[in-house]
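Okay, structure first, notes after.
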Amino acid sequence: MPTRIEGAYVMATLTAQDIAGQLEQAQREAGELGTELARLVGELEQAAEAKEYERAAQLKKQADLVRPRAMLAQNHAQAIRQTLEGLQEHVRQERAVQIEEERQERAREAHAAATASEKTATDESKRLLAQAKEQLEAAQQSLRQALAAEGMAGQFRQDAYQVAVGAGWQESAPYGVAMPNLIQSWIEQKPLLRDVLRGLD
């Protein structure tokens with residue numbers, strides 16, 4: 001279904017076509033009368049030069065009758081031409097307004113789509129950040145538990161060492177027994193793990 005502007009555009013186009021037809025007819029009539037007037041004036045001048053006064057008087061009467069009709073026809077054609085030009089300008093302006101409205105509508109739709117996409121992407125980034133924080137907290141907890149377990153392993157190793165020395169199974173070492181250090185050593189070699197262990201800011 002055509003919009004109001006599109007309907008007006010079609011009607012204006014049809015009217016312009018009609019007026020263009022009227023202009024063509026008016027120009028043809030004005031041209032014919034102008035040609036007739038020019039012929040009469042030319043014959044009048046010839047009759048005057050030939051001193052054919054009676055014929056010259058008749059030609060003058062005919063020219064006087066044709067002249068206002070020729071002037072009216074020319075003015076009529078000019079008025080139709082101005083009307084047609086004004087109508088064409090009106091159609092052009094309406095079309096320009098319609099084009100601008102369509103451009104603005106496309107801009108509004110594109111802006112709304114971009115804004116909605118921005119919000120979706122922002123929400124997703126926040127969700128992933130929260131997920132990453134949870135994972136870091138879980139990693140921190142796992143590292144602390146690993147260190148605690150390694151500390152317990154060291155304590156059990158120390159207990160076993162003392163039992164073995166007490167039972168005479170092995171000699172007492174000057175510096176005692178070496179403690180397990182896999183987890184602590186690995187953390188110290190990895191700056192990222194040290195940061196995770198220290199916790200989030």
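Chain lettering (A, B, ...) mirrors the order of the structure tokens, residue numbering begins at 1 for each chain separately, and ligand numbering begins at 1 in order of display.
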Give me the residues near Tyr53 of chain A as a compact mmCIF listing (two decimals) with C-alpha atoms, in the first residue's frame, where near means some atom within 10 Å (using only C-alpha atoms) and where sequence neighbours in that chain fewer than 6 positions away do not count.
```txt
# COMPACT_ATOMS: atom_id res chain seq x y z
CA LEU A 44 0.99 44.87 -44.53
CA ALA A 47 1.16 46.72 -49.27
CA LEU A 59 -4.37 43.59 -43.53
```
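Residue nearest Ala148 of chain A, chosen from A:Ser117, A:Gln58, A:Thr122, A:Asn181 and counting only C-alpha atoms: A:Asn181.
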Could you give me, as JSON lines, a per-residue list for segment 135-159 of chain A showing, wherever an atom lies at most 10 Å from an atom of segment 163-173 of chain A, the closest pair of atoms and their distance in Å to one decimal, using only C-alpha atoms and sorting by chain then residue number from low to high?
```
{"residue": "A:Arg157", "atom": "CA", "partner": "A:Val163", "partner_atom": "CA", "distance": 9.9}
{"residue": "A:Gln158", "atom": "CA", "partner": "A:Val163", "partner_atom": "CA", "distance": 8.7}
{"residue": "A:Asp159", "atom": "CA", "partner": "A:Val163", "partner_atom": "CA", "distance": 6.2}
```
Those residues with all heavy atoms, as a short mmCIF file (atom, residue, chain, number, x, y, z; two decimals), in the first residue's frame please?
```
data_model
loop_
_atom_site.label_atom_id
_atom_site.label_comp_id
_atom_site.auth_asym_id
_atom_site.auth_seq_id
_atom_site.Cartn_x
_atom_site.Cartn_y
_atom_site.Cartn_z
N ARG A 157 56.48 -37.15 56.29
CA ARG A 157 57.83 -37.62 55.98
C ARG A 157 58.73 -37.45 57.21
O ARG A 157 59.57 -38.33 57.52
CB ARG A 157 58.39 -36.84 54.79
CG ARG A 157 59.80 -37.29 54.41
CD ARG A 157 60.36 -36.51 53.24
NE ARG A 157 59.64 -36.84 52.01
CZ ARG A 157 59.98 -36.33 50.81
NH1 ARG A 157 60.99 -35.47 50.72
NH2 ARG A 157 59.30 -36.69 49.75
N GLN A 158 58.57 -36.34 57.90
CA GLN A 158 59.37 -36.11 59.12
C GLN A 158 59.04 -37.15 60.20
O GLN A 158 59.94 -37.68 60.87
CB GLN A 158 59.09 -34.70 59.65
CG GLN A 158 59.85 -34.32 60.92
CD GLN A 158 61.35 -34.22 60.69
OE1 GLN A 158 61.81 -33.94 59.59
NE2 GLN A 158 62.13 -34.48 61.72
N ASP A 159 57.75 -37.47 60.35
CA ASP A 159 57.35 -38.48 61.33
C ASP A 159 57.95 -39.84 60.98
O ASP A 159 58.47 -40.58 61.86
CB ASP A 159 55.82 -38.60 61.38
CG ASP A 159 55.16 -37.35 61.95
OD1 ASP A 159 55.88 -36.52 62.56
OD2 ASP A 159 53.92 -37.19 61.77
#
```
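The space separating atom CA of Gln88 of chain A from atom CA of Glu24 of chain A comes to 16.0 Å.
Atom CA of Arg144 of chain A sits 7.2 Å away from atom CA of Leu197 of chain A.
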Computed gap from atom CA of Leu192 of chain A to atom CA of Gln141 of chain A is 14.7 Å
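Between Met179 of chain A and the candidates A:Pro191, A:Ala112, A:Tyr161, A:Ala56, the tightest atom-to-atom separation, counting only C-alpha atoms, involves A:Tyr161.
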Close residues, Ile19 of chain A itself excluded, 9 Å, only C-alpha atoms, min 3 positions apart in chain, as number ranges by chain: A: 14-16, 22-24, 80-81, 83-84
- Exercise: Asn75 of chain A partners within 10 Å, only C-alpha atoms, chain neighbours under 4 positions left out, as a PyMOL selection string: chain A and resi 26-27+30+69-71+79-81
Go ahead and write the residues just picked, N, CA, C and O atoms, as a PDB file, in the first residue's frame.
```pdb
ATOM      1  N   ALA A  26      -0.565  24.415 -26.181  1.00  0.00           N
ATOM      2  CA  ALA A  26      -0.547  25.880 -26.084  1.00  0.00           C
ATOM      3  C   ALA A  26       0.600  26.462 -26.896  1.00  0.00           C
ATOM      4  O   ALA A  26       0.452  27.507 -27.562  1.00  0.00           O
ATOM      5  N   GLN A  27       1.777  25.826 -26.858  1.00  0.00           N
ATOM      6  CA  GLN A  27       2.910  26.304 -27.641  1.00  0.00           C
ATOM      7  C   GLN A  27       2.629  26.196 -29.137  1.00  0.00           C
ATOM      8  O   GLN A  27       3.038  27.064 -29.923  1.00  0.00           O
ATOM      9  N   ALA A  30       0.224  29.011 -29.945  1.00  0.00           N
ATOM     10  CA  ALA A  30       0.928  30.292 -29.919  1.00  0.00           C
ATOM     11  C   ALA A  30       1.840  30.424 -31.142  1.00  0.00           C
ATOM     12  O   ALA A  30       1.960  31.514 -31.740  1.00  0.00           O
ATOM     13  N   ARG A  69      -4.851  37.817 -29.814  1.00  0.00           N
ATOM     14  CA  ARG A  69      -4.967  36.357 -29.670  1.00  0.00           C
ATOM     15  C   ARG A  69      -3.578  35.725 -29.574  1.00  0.00           C
ATOM     16  O   ARG A  69      -3.342  34.795 -28.777  1.00  0.00           O
ATOM     17  N   ALA A  70      -2.632  36.224 -30.394  1.00  0.00           N
ATOM     18  CA  ALA A  70      -1.260  35.697 -30.365  1.00  0.00           C
ATOM     19  C   ALA A  70      -0.591  35.999 -29.024  1.00  0.00           C
ATOM     20  O   ALA A  70       0.099  35.149 -28.439  1.00  0.00           O
ATOM     21  N   MET A  71      -0.817  37.218 -28.500  1.00  0.00           N
ATOM     22  CA  MET A  71      -0.230  37.593 -27.206  1.00  0.00           C
ATOM     23  C   MET A  71      -0.825  36.753 -26.080  1.00  0.00           C
ATOM     24  O   MET A  71      -0.108  36.283 -25.185  1.00  0.00           O
ATOM     25  N   ALA A  79       2.405  30.759 -18.953  1.00  0.00           N
ATOM     26  CA  ALA A  79       1.821  30.443 -17.645  1.00  0.00           C
ATOM     27  C   ALA A  79       1.828  28.928 -17.412  1.00  0.00           C
ATOM     28  O   ALA A  79       2.129  28.463 -16.298  1.00  0.00           O
ATOM     29  N   ILE A  80       1.485  28.177 -18.453  1.00  0.00           N
ATOM     30  CA  ILE A  80       1.511  26.714 -18.299  1.00  0.00           C
ATOM     31  C   ILE A  80       2.932  26.227 -18.044  1.00  0.00           C
ATOM     32  O   ILE A  80       3.166  25.341 -17.214  1.00  0.00           O
ATOM     33  N   ARG A  81       3.903  26.828 -18.752  1.00  0.00           N
ATOM     34  CA  ARG A  81       5.301  26.426 -18.561  1.00  0.00           C
ATOM     35  C   ARG A  81       5.747  26.689 -17.120  1.00  0.00           C
ATOM     36  O   ARG A  81       6.406  25.859 -16.488  1.00  0.00           O
TER      37      ARG A  81
END
```
